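Dumped input.pdb below, it's PDB, C-alpha atoms:
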```pdb
MODEL        1
ATOM      1  CA  MET A   1     103.693 121.536 125.395
ATOM      2  CA  THR A   2     103.979 124.755 123.409
ATOM      3  CA  GLN A   3     104.630 128.238 124.617
ATOM      4  CA  SER A   4     102.373 131.035 123.546
ATOM      5  CA  ILE A   5     103.830 134.016 121.717
ATOM      6  CA  GLU A   6     102.711 136.476 124.413
ATOM      7  CA  ASN A   7     105.246 135.579 127.067
ATOM      8  CA  THR A   8     108.204 134.941 124.757
ATOM      9  CA  ASN A   9     109.713 137.168 122.124
ATOM     10  CA  ALA A  10     109.360 135.180 118.927
ATOM     11  CA  TRP A  11     112.689 136.530 117.607
ATOM     12  CA  GLU A  12     114.689 135.124 120.516
ATOM     13  CA  GLY A  13     113.976 131.483 119.776
ATOM     14  CA  GLY A  14     112.255 128.964 121.945
ATOM     15  CA  VAL A  15     109.030 129.310 119.964
ATOM     16  CA  ARG A  16     107.840 126.601 117.646
ATOM     17  CA  PRO A  17     107.014 127.938 114.184
ATOM     18  CA  TYR A  18     103.588 126.744 113.050
ATOM     19  CA  ASN A  19     103.201 124.971 116.362
ATOM     20  CA  ALA A  20     105.152 122.018 114.958
ATOM     21  CA  SER A  21     108.361 120.598 116.398
ATOM     22  CA  TYR A  22     111.702 121.113 114.649
ATOM     23  CA  GLY A  23     111.914 117.486 113.560
ATOM     24  CA  LYS A  24     108.432 117.369 112.127
ATOM     25  CA  LEU A  25     108.902 120.610 110.235
ATOM     26  CA  MET A  26     112.173 119.402 108.740
ATOM     27  CA  MET A  27     110.569 116.113 107.731
ATOM     28  CA  TRP A  28     107.885 118.111 105.898
ATOM     29  CA  PHE A  29     110.488 120.248 104.146
ATOM     30  CA  PHE A  30     112.394 117.136 103.102
ATOM     31  CA  LEU A  31     109.199 115.576 101.773
ATOM     32  CA  ILE A  32     108.469 118.684  99.690
ATOM     33  CA  THR A  33     111.891 118.434  98.034
ATOM     34  CA  ASP A  34     111.370 114.713  97.506
ATOM     35  CA  ALA A  35     107.943 115.368  95.986
ATOM     36  CA  LEU A  36     109.530 117.806  93.520
ATOM     37  CA  THR A  37     112.203 115.205  92.670
ATOM     38  CA  PHE A  38     109.592 112.580  91.862
ATOM     39  CA  SER A  39     107.612 115.183  89.891
ATOM     40  CA  GLY A  40     110.738 115.794  87.840
ATOM     41  CA  PHE A  41     111.022 112.076  87.062
ATOM     42  CA  LEU A  42     107.380 111.655  86.163
ATOM     43  CA  VAL A  43     107.349 114.785  84.031
ATOM     44  CA  ALA A  44     110.464 113.553  82.184
ATOM     45  CA  TYR A  45     108.601 110.302  81.581
ATOM     46  CA  GLY A  46     105.677 112.337  80.231
ATOM     47  CA  PHE A  47     107.944 114.297  77.909
ATOM     48  CA  SER A  48     109.476 111.167  76.369
ATOM     49  CA  ARG A  49     106.104 109.530  76.101
ATOM     50  CA  PHE A  50     104.651 112.524  74.251
ATOM     51  CA  LYS A  51     107.702 112.809  72.022
ATOM     52  CA  PHE A  52     107.794 109.106  71.101
ATOM     53  CA  GLN A  53     104.071 108.473  71.286
ATOM     54  CA  ASP A  54     104.111 106.279  68.178
ATOM     55  CA  LEU A  55     106.655 103.910  69.711
ATOM     56  CA  TRP A  56     105.427 103.997  73.304
ATOM     57  CA  PRO A  57     103.997 100.708  74.604
ATOM     58  CA  VAL A  58     100.606 100.447  76.279
ATOM     59  CA  ALA A  59     101.304  99.531  79.918
ATOM     60  CA  GLU A  60      98.462  97.021  79.975
ATOM     61  CA  ASP A  61     100.147  94.967  77.270
ATOM     62  CA  VAL A  62     103.383  94.890  79.264
ATOM     63  CA  PHE A  63     102.270  94.136  82.821
ATOM     64  CA  THR A  64      99.859  91.264  82.375
ATOM     65  CA  HIS A  65     101.118  88.583  84.746
ATOM     66  CA  PHE A  66      99.864  87.481  88.123
ATOM     67  CA  PRO A  67     101.619  84.937  90.381
ATOM     68  CA  PHE A  68     100.309  81.346  90.119
ATOM     69  CA  MET A  69      97.807  82.350  87.438
ATOM     70  CA  HIS A  70      97.994  81.880  83.702
ATOM     71  CA  GLY A  71      96.624  84.117  81.033
ATOM     72  CA  HIS A  72      96.184  87.814  80.541
ATOM     73  CA  HIS A  73      95.612  89.804  83.736
ATOM     74  CA  PRO A  74      96.403  93.446  83.108
ATOM     75  CA  LEU A  75      96.477  95.816  86.096
ATOM     76  CA  LEU A  76      95.627  93.093  88.602
ATOM     77  CA  PHE A  77      99.070  92.675  90.141
ATOM     78  CA  VAL A  78      99.774  96.413  90.454
ATOM     79  CA  ALA A  79      96.324  96.826  91.978
ATOM     80  CA  LEU A  80      97.329  94.257  94.587
ATOM     81  CA  MET A  81     100.620  96.092  95.210
ATOM     82  CA  THR A  82      98.695  99.343  95.640
ATOM     83  CA  PHE A  83      96.394  97.615  98.113
ATOM     84  CA  ILE A  84      99.374  96.292 100.100
ATOM     85  CA  LEU A  85     100.920  99.750 100.325
ATOM     86  CA  ILE A  86      97.629 101.427 101.327
ATOM     87  CA  MET A  87      97.202  98.711 103.952
ATOM     88  CA  SER A  88     100.680  99.365 105.355
ATOM     89  CA  SER A  89      99.802 103.058 105.474
ATOM     90  CA  VAL A  90      96.755 102.194 107.564
ATOM     91  CA  THR A  91      98.797 100.109 110.007
ATOM     92  CA  MET A  92     101.233 103.041 110.203
ATOM     93  CA  VAL A  93      98.501 105.526 111.203
ATOM     94  CA  LEU A  94      97.285 103.032 113.782
ATOM     95  CA  ALA A  95     100.810 102.850 115.232
ATOM     96  CA  VAL A  96     100.984 106.668 115.362
ATOM     97  CA  ASN A  97      97.539 106.833 116.945
ATOM     98  CA  TYR A  98      98.477 104.359 119.689
ATOM     99  CA  GLY A  99     101.701 106.308 120.154
ATOM    100  CA  HIS A 100      99.596 109.348 121.066
ATOM    101  CA  LYS A 101      97.872 107.211 123.653
ATOM    102  CA  MET A 102     101.237 105.895 124.951
ATOM    103  CA  GLU A 103     100.185 102.286 124.407
ATOM    104  CA  LYS A 104     103.573 100.698 123.801
ATOM    105  CA  GLU A 105     102.411  97.142 123.064
ATOM    106  CA  LYS A 106     100.009  98.285 120.347
ATOM    107  CA  VAL A 107     102.618 100.568 118.781
ATOM    108  CA  ILE A 108     104.928  97.538 118.557
ATOM    109  CA  LEU A 109     102.185  95.427 116.965
ATOM    110  CA  TRP A 110     101.146  97.930 114.285
ATOM    111  CA  LEU A 111     104.691  99.095 113.548
ATOM    112  CA  SER A 112     105.737  95.475 113.003
ATOM    113  CA  LEU A 113     102.816  94.920 110.646
ATOM    114  CA  THR A 114     103.809  98.054 108.720
ATOM    115  CA  ILE A 115     107.304  96.610 108.228
ATOM    116  CA  VAL A 116     105.794  93.323 107.056
ATOM    117  CA  GLY A 117     103.579  95.214 104.571
ATOM    118  CA  GLY A 118     106.574  97.121 103.225
ATOM    119  CA  ALA A 119     108.545  93.898 102.838
ATOM    120  CA  ILE A 120     105.694  92.232 100.937
ATOM    121  CA  PHE A 121     105.507  95.261  98.651
ATOM    122  CA  LEU A 122     109.256  95.079  97.963
ATOM    123  CA  GLY A 123     108.972  91.375  97.217
ATOM    124  CA  SER A 124     106.124  92.070  94.800
ATOM    125  CA  GLN A 125     108.208  94.690  93.086
ATOM    126  CA  ALA A 126     111.084  92.234  92.719
ATOM    127  CA  TRP A 127     108.642  89.805  91.088
ATOM    128  CA  GLU A 128     107.372  92.535  88.785
ATOM    129  CA  TRP A 129     110.930  93.471  87.790
ATOM    130  CA  ALA A 130     111.863  89.833  87.167
ATOM    131  CA  HIS A 131     108.928  89.470  84.791
ATOM    132  CA  PHE A 132     109.667  92.756  83.074
ATOM    133  CA  ILE A 133     113.344  91.863  82.571
ATOM    134  CA  HIS A 134     112.455  88.375  81.359
ATOM    135  CA  GLY A 135     110.805  90.093  78.399
ATOM    136  CA  LEU A 136     108.765  88.660  75.552
ATOM    137  CA  ASP A 137     109.495  85.633  73.350
ATOM    138  CA  GLY A 138     113.040  85.252  74.620
ATOM    139  CA  VAL A 139     113.928  88.938  74.097
ATOM    140  CA  PRO A 140     114.938  90.390  77.470
ATOM    141  CA  ALA A 141     114.414  93.981  78.604
ATOM    142  CA  THR A 142     117.603  95.901  79.320
ATOM    143  CA  LEU A 143     118.563  99.552  79.637
ATOM    144  CA  VAL A 144     119.575  99.544  75.967
ATOM    145  CA  SER A 145     116.585  97.828  74.389
ATOM    146  CA  ASN A 146     113.373  96.038  75.290
ATOM    147  CA  PRO A 147     110.751  94.043  73.409
ATOM    148  CA  TYR A 148     107.851  96.269  74.492
ATOM    149  CA  GLY A 149     108.574  99.514  72.674
ATOM    150  CA  HIS A 150     110.883 102.514  72.863
ATOM    151  CA  ALA A 151     114.110 101.903  74.839
ATOM    152  CA  LEU A 152     113.333 104.832  77.155
ATOM    153  CA  PHE A 153     110.217 103.040  78.404
ATOM    154  CA  ALA A 154     112.297 100.423  80.205
ATOM    155  CA  ASP A 155     114.765 103.072  81.406
ATOM    156  CA  TYR A 156     112.015 105.065  83.075
ATOM    157  CA  PHE A 157     110.462 101.906  84.458
ATOM    158  CA  PHE A 158     113.709 100.838  86.113
ATOM    159  CA  PHE A 159     114.552 104.332  87.262
ATOM    160  CA  ILE A 160     111.211 105.502  88.656
ATOM    161  CA  THR A 161     109.978 102.259  90.215
ATOM    162  CA  GLY A 162     113.547 101.576  91.334
ATOM    163  CA  PHE A 163     113.850 104.954  93.039
ATOM    164  CA  HIS A 164     110.480 104.423  94.679
ATOM    165  CA  GLY A 165     111.453 100.897  95.704
ATOM    166  CA  PHE A 166     114.621 102.284  97.268
ATOM    167  CA  HIS A 167     112.443 104.682  99.260
ATOM    168  CA  VAL A 168     110.409 101.721 100.488
ATOM    169  CA  PHE A 169     113.629  99.892 101.367
ATOM    170  CA  SER A 170     114.969 102.901 103.310
ATOM    171  CA  GLY A 171     111.567 103.223 104.975
ATOM    172  CA  ILE A 172     111.777  99.628 106.179
ATOM    173  CA  LEU A 173     115.250 100.267 107.631
ATOM    174  CA  ILE A 174     114.107 103.450 109.421
ATOM    175  CA  LEU A 175     110.946 101.754 110.699
ATOM    176  CA  THR A 176     113.064  98.904 112.053
ATOM    177  CA  VAL A 177     115.334 101.300 113.933
ATOM    178  CA  ILE A 178     112.293 103.075 115.393
ATOM    179  CA  LEU A 179     110.694  99.740 116.295
ATOM    180  CA  ILE A 180     113.818  98.697 118.211
ATOM    181  CA  ASN A 181     113.682 102.007 120.090
ATOM    182  CA  VAL A 182     110.010 101.491 120.897
ATOM    183  CA  ILE A 183     110.741  97.991 122.215
ATOM    184  CA  LYS A 184     113.645  99.312 124.296
ATOM    185  CA  GLY A 185     111.297 101.893 125.801
ATOM    186  CA  THR A 186     113.210 104.939 124.524
ATOM    187  CA  TYR A 187     110.035 106.894 123.736
ATOM    188  CA  GLU A 188     108.303 105.732 126.888
ATOM    189  CA  LYS A 189     111.147 107.416 128.824
ATOM    190  CA  ARG A 190     111.037 110.477 126.565
ATOM    191  CA  GLY A 191     107.358 110.892 127.319
ATOM    192  CA  HIS A 192     106.131 110.969 123.716
ATOM    193  CA  TYR A 193     106.165 108.920 120.532
ATOM    194  CA  GLU A 194     106.864 111.749 118.108
ATOM    195  CA  MET A 195     109.587 109.770 116.311
ATOM    196  CA  VAL A 196     106.931 107.260 115.287
ATOM    197  CA  GLU A 197     104.900 110.152 113.918
ATOM    198  CA  LYS A 198     107.873 111.484 111.934
ATOM    199  CA  VAL A 199     108.761 108.167 110.342
ATOM    200  CA  GLY A 200     105.017 107.827 109.713
ATOM    201  CA  LEU A 201     105.089 111.001 107.611
ATOM    202  CA  TYR A 202     107.860 109.505 105.502
ATOM    203  CA  TRP A 203     106.038 106.202 105.127
ATOM    204  CA  HIS A 204     102.791 107.860 103.998
ATOM    205  CA  PHE A 205     104.780 109.899 101.517
ATOM    206  CA  VAL A 206     106.120 106.687  99.982
ATOM    207  CA  ASP A 207     102.513 105.523  99.648
ATOM    208  CA  LEU A 208     101.575 108.891  98.137
ATOM    209  CA  VAL A 209     104.299 108.614  95.489
ATOM    210  CA  TRP A 210     103.145 105.109  94.608
ATOM    211  CA  VAL A 211      99.606 106.421  94.046
ATOM    212  CA  PHE A 212     101.018 108.745  91.376
ATOM    213  CA  VAL A 213     103.362 106.142  89.877
ATOM    214  CA  PHE A 214     100.398 103.758  89.686
ATOM    215  CA  THR A 215      98.361 106.331  87.755
ATOM    216  CA  PHE A 216     101.028 107.656  85.418
ATOM    217  CA  PHE A 217     102.846 104.415  84.722
ATOM    218  CA  TYR A 218     100.066 101.857  84.699
ATOM    219  CA  LEU A 219      96.697 103.547  84.220
ATOM    220  CA  VAL A 220      97.097 106.570  81.964
TER
ATOM    221  CA  MET B   1      96.350 116.619 118.602
ATOM    222  CA  ALA B   2      92.639 116.076 118.198
ATOM    223  CA  ASN B   3      93.371 112.428 117.572
ATOM    224  CA  GLU B   4      94.288 111.821 121.173
ATOM    225  CA  THR B   5      90.628 111.651 122.036
ATOM    226  CA  LYS B   6      89.438 110.375 118.648
ATOM    227  CA  GLY B   7      89.189 106.619 118.149
ATOM    228  CA  ASN B   8      90.339 104.660 115.146
ATOM    229  CA  TRP B   9      87.176 104.796 113.055
ATOM    230  CA  TRP B  10      88.391 107.704 110.899
ATOM    231  CA  ILE B  11      91.441 105.682 109.842
ATOM    232  CA  TRP B  12      89.257 102.894 108.529
ATOM    233  CA  LYS B  13      86.967 105.409 106.847
ATOM    234  CA  VAL B  14      89.917 106.814 104.878
ATOM    235  CA  PHE B  15      91.091 103.264 104.148
ATOM    236  CA  TRP B  16      87.753 102.312 102.582
ATOM    237  CA  ILE B  17      87.690 105.516 100.525
ATOM    238  CA  LEU B  18      91.214 104.847  99.191
ATOM    239  CA  LEU B  19      90.435 101.205  98.484
ATOM    240  CA  GLY B  20      87.117 102.095  96.815
ATOM    241  CA  ILE B  21      88.728 104.655  94.514
ATOM    242  CA  THR B  22      91.569 102.278  93.573
ATOM    243  CA  THR B  23      89.127  99.458  92.812
ATOM    244  CA  PHE B  24      87.049 101.831  90.703
ATOM    245  CA  GLU B  25      90.164 102.965  88.792
ATOM    246  CA  VAL B  26      91.259  99.387  88.083
ATOM    247  CA  ALA B  27      87.747  98.417  86.964
ATOM    248  CA  LEU B  28      87.595 101.465  84.709
ATOM    249  CA  GLY B  29      91.025 100.604  83.282
ATOM    250  CA  MET B  30      89.880  97.070  82.474
ATOM    251  CA  ILE B  31      86.452  97.927  81.056
ATOM    252  CA  LYS B  32      87.426 101.136  79.208
ATOM    253  CA  PRO B  33      83.880 102.385  78.557
ATOM    254  CA  ASP B  34      83.427 103.844  75.079
ATOM    255  CA  PHE B  35      82.006 107.160  76.220
ATOM    256  CA  LEU B  36      85.278 107.937  78.039
ATOM    257  CA  MET B  37      87.496 107.274  75.021
ATOM    258  CA  GLY B  38      87.022 110.662  73.359
ATOM    259  CA  GLU B  39      89.829 113.209  73.221
ATOM    260  CA  PHE B  40      89.738 116.172  75.570
ATOM    261  CA  LEU B  41      92.540 118.675  76.260
ATOM    262  CA  GLY B  42      95.204 116.583  74.552
ATOM    263  CA  THR B  43      94.432 113.207  76.096
ATOM    264  CA  LYS B  44      91.618 110.708  76.483
ATOM    265  CA  LEU B  45      88.698 111.610  78.740
ATOM    266  CA  ILE B  46      89.339 108.472  80.817
ATOM    267  CA  ASN B  47      92.807 109.782  81.690
ATOM    268  CA  HIS B  48      91.289 112.949  83.117
ATOM    269  CA  VAL B  49      89.074 110.767  85.301
ATOM    270  CA  PHE B  50      92.156 108.815  86.488
ATOM    271  CA  ILE B  51      94.069 111.993  87.290
ATOM    272  CA  ILE B  52      91.187 113.581  89.217
ATOM    273  CA  LEU B  53      90.643 110.383  91.238
ATOM    274  CA  THR B  54      94.376 110.199  91.948
ATOM    275  CA  LEU B  55      94.351 113.754  93.269
ATOM    276  CA  VAL B  56      91.404 112.864  95.524
ATOM    277  CA  LYS B  57      93.395 109.906  96.894
ATOM    278  CA  ALA B  58      96.453 112.104  97.364
ATOM    279  CA  ALA B  59      94.364 114.654  99.264
ATOM    280  CA  TYR B  60      93.088 112.005 101.672
ATOM    281  CA  ILE B  61      96.592 110.641 102.289
ATOM    282  CA  VAL B  62      98.145 114.065 102.880
ATOM    283  CA  LEU B  63      95.327 115.733 104.802
ATOM    284  CA  GLU B  64      94.226 112.770 106.936
ATOM    285  CA  PHE B  65      96.990 110.149 107.159
ATOM    286  CA  MET B  66      99.755 112.743 107.268
ATOM    287  CA  HIS B  67      97.566 114.902 109.453
ATOM    288  CA  LEU B  68      98.282 118.060 107.456
ATOM    289  CA  GLY B  69      94.610 119.011 107.382
ATOM    290  CA  HIS B  70      94.724 119.377 111.179
ATOM    291  CA  GLU B  71      97.971 121.368 111.441
ATOM    292  CA  THR B  72      98.052 125.155 111.710
ATOM    293  CA  LYS B  73      96.942 127.092 108.663
ATOM    294  CA  GLY B  74     100.473 128.451 108.092
ATOM    295  CA  LEU B  75     102.110 125.017 108.016
ATOM    296  CA  LYS B  76      99.373 123.634 105.794
ATOM    297  CA  TRP B  77      99.818 126.247 103.081
ATOM    298  CA  THR B  78     103.623 126.326 103.377
ATOM    299  CA  ILE B  79     103.638 122.667 102.388
ATOM    300  CA  LEU B  80     100.744 122.653  99.919
ATOM    301  CA  LEU B  81     101.294 125.833  97.900
ATOM    302  CA  PRO B  82     104.717 125.019  96.393
ATOM    303  CA  ALA B  83     103.410 121.612  95.340
ATOM    304  CA  ILE B  84     100.102 122.919  93.995
ATOM    305  CA  ILE B  85     101.714 125.753  92.011
ATOM    306  CA  LEU B  86     105.041 124.299  90.831
ATOM    307  CA  ILE B  87     104.110 120.742  89.920
ATOM    308  CA  PRO B  88     101.141 121.446  87.596
ATOM    309  CA  TYR B  89     103.150 124.253  85.988
ATOM    310  CA  LEU B  90     106.083 121.897  85.386
ATOM    311  CA  PHE B  91     103.736 119.311  83.873
ATOM    312  CA  PHE B  92     102.025 121.873  81.663
ATOM    313  CA  ILE B  93     105.198 123.351  80.251
ATOM    314  CA  ILE B  94     107.144 120.093  79.747
ATOM    315  CA  LEU B  95     104.252 118.139  78.264
ATOM    316  CA  THR B  96     103.526 120.978  75.852
ATOM    317  CA  GLU B  97     107.174 120.801  74.862
ATOM    318  CA  GLY B  98     106.916 117.019  74.470
ATOM    319  CA  GLY B  99     104.008 117.436  72.045
ATOM    320  CA  TYR B 100     106.030 119.984  70.102
ATOM    321  CA  ALA B 101     109.068 117.664  69.989
ATOM    322  CA  TYR B 102     106.798 114.979  68.535
ATOM    323  CA  MET B 103     105.584 117.279  65.763
ATOM    324  CA  MET B 104     109.149 118.318  64.898
ATOM    325  CA  MET B 105     110.461 114.768  64.448
TER
ENDMDL
END
```

Could you write out this structure as structure tokens?
Amino acid sequence: MTQSIENTNAWEGGVRPYNASYGKLMMWFFLITDALTFSGFLVAYGFSRFKFQDLWPVAEDVFTHFPFMHGHHPLLFVALMTFILIMSSVTMVLAVNYGHKMEKEKVILWLSLTIVGGAIFLGSQAWEWAHFIHGLDGVPATLVSNPYGHALFADYFFFITGFHGFHVFSGILILTVILINVIKGTYEKRGHYEMVEKVGLYWHFVDLVWVFVFTFFYLV
Amino acid sequence: MANETKGNWWIWKVFWILLGITTFEVALGMIKPDFLMGEFLGTKLINHVFIILTLVKAAYIVLEFMHLGHETKGLKWTILLPAIILIPYLFFIILTEGGYAYMMM
């Protein structure tokens, strides 16, 4: 699969840096830039929160609803969303793992379940947004003002969870394209399922970002 | 690589670790034990616990699920070092500035 340095001059190409394929390496470089982008957003959130700490709402008093249940349930719904995303990460690794073993049927199964998990997460986020926008006591949350606290709180909420949600949405699209290719047998012919692995990297990254959003938006 | 011969058990192991930590975090966030409410380094002690647990989760996702822990040493550090150096530095400097902006208002 890989050539050793001895019989090829490394400066003349044809050698894989770090023993990783071009596509995988580029996916990693993209993810690093994306990680820095999200860090920029979260750190901006932190700045505004420190600056307006007297007016900043406590997340637990804002996100207290759970579908089909009445009363005060802080953290419960986001915990469920986190669980769904972790679960879809697990199904993704399983798909990658069966890809290594060239078991097409199982790759199809676990990849499909990953897409379902992502879709459920997106639906949950839509529900969360609807409740957030609905506001308190008839006062809705908008980009200009919200009933919870400082106006920037809602802005960051829409922007950061929205940007993450868009990543999930793109992930679902990419996973669907890859799934169609798997079903058509493209990777079977190619002899390896590395594309599944690459989209897997992206999907885990989306999960990784959510872990940080969960902590910095809901817990801390 | 090594996973070609490995089964699936390690995936479920990581899953249970991630789920366990998340459950613990949520429980901690609901209970808010008194002994974790003291101030330490500019924020509540409980927040330090949350951040450390989050980093543990992140490590499991990146090193196991994304397989980075099993790549070559060069690739591993090429990816990890910029994140480990730049992101905490950015947080340190901007949050310090945020605290200053608060005092100046």

For the file shown, report as a PyMOL selection string the outcome of the ChimeraX specification (/A :<6) & /B at residue level. chain B and resi 4+47+66+72+75+91+95+98-99+101-102

Selected residues, C-alpha atoms, written as a PDB file, keeping the file's coordinate frame, please.
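again.pdb written:
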```pdb
ATOM      1  CA  GLU B   4      94.288 111.821 121.173  1.00  0.00           C
ATOM      2  CA  ASN B  47      92.807 109.782  81.690  1.00  0.00           C
ATOM      3  CA  MET B  66      99.755 112.743 107.268  1.00  0.00           C
ATOM      4  CA  THR B  72      98.052 125.155 111.710  1.00  0.00           C
ATOM      5  CA  LEU B  75     102.110 125.017 108.016  1.00  0.00           C
ATOM      6  CA  PHE B  91     103.736 119.311  83.873  1.00  0.00           C
ATOM      7  CA  LEU B  95     104.252 118.139  78.264  1.00  0.00           C
ATOM      8  CA  GLY B  98     106.916 117.019  74.470  1.00  0.00           C
ATOM      9  CA  GLY B  99     104.008 117.436  72.045  1.00  0.00           C
ATOM     10  CA  ALA B 101     109.068 117.664  69.989  1.00  0.00           C
ATOM     11  CA  TYR B 102     106.798 114.979  68.535  1.00  0.00           C
TER      12      TYR B 102
END
```

Identify, on the basis of only C-alpha atoms, every residue whose closest approach to Phe121 (chain A) does not exceed 9 Å; exclude the query and any residue fewer than 4 positions from it along the same chain; express the result as a ChimeraX atom specification. /A:81-82,84-85,116-117,125-126,165,168

Result set, the PyMOL selection byres ((chain A and resi 104) around 9) on current file, as an MDAnalysis selection string: chainID A and resid 98:99 101:103 105:109 182:183 185 187:188

Can you work out which one of A:Leu175, A:Val62, A:Val196, A:Ile133 has the shortest atom-to-atom distance to Ser145 (chain A), counting all atoms listed in the file?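 Looking only at the distances to Ser145 (chain A), the closest residue turns out to be A:Ile133.
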
If the PyMOL selection byres ((chain B and resi 27-37) around 8) were run on this exact file, what residues would it hold? Put them as an mmCIF file with C-alpha atoms, in the coordinates of the input.
```cif
data_model
loop_
_atom_site.group_PDB
_atom_site.id
_atom_site.type_symbol
_atom_site.label_atom_id
_atom_site.label_comp_id
_atom_site.auth_asym_id
_atom_site.auth_seq_id
_atom_site.Cartn_x
_atom_site.Cartn_y
_atom_site.Cartn_z
ATOM 1 C CA PRO A 74 96.403 93.446 83.108
ATOM 2 C CA LEU A 75 96.477 95.816 86.096
ATOM 3 C CA LEU A 219 96.697 103.547 84.220
ATOM 4 C CA THR B 23 89.127 99.458 92.812
ATOM 5 C CA PHE B 24 87.049 101.831 90.703
ATOM 6 C CA GLU B 25 90.164 102.965 88.792
ATOM 7 C CA VAL B 26 91.259 99.387 88.083
ATOM 8 C CA GLY B 38 87.022 110.662 73.359
ATOM 9 C CA GLU B 39 89.829 113.209 73.221
ATOM 10 C CA LYS B 44 91.618 110.708 76.483
ATOM 11 C CA LEU B 45 88.698 111.610 78.740
ATOM 12 C CA ILE B 46 89.339 108.472 80.817
#
```

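What separates CA of Pro57 (chain A) from CA of Gly149 (chain A) is a distance of 5.1 Å.
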
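Between Tyr156 (chain A) and the residues A:Glu128, A:Phe30, A:Val58, A:Val213, the shortest atom-to-atom distance, using all atoms listed in the file, involves A:Val213.
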
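The interatomic distance for the pair CA of Leu113 (chain A) and CA of Thr54 (chain B) works out to 25.6 Å.
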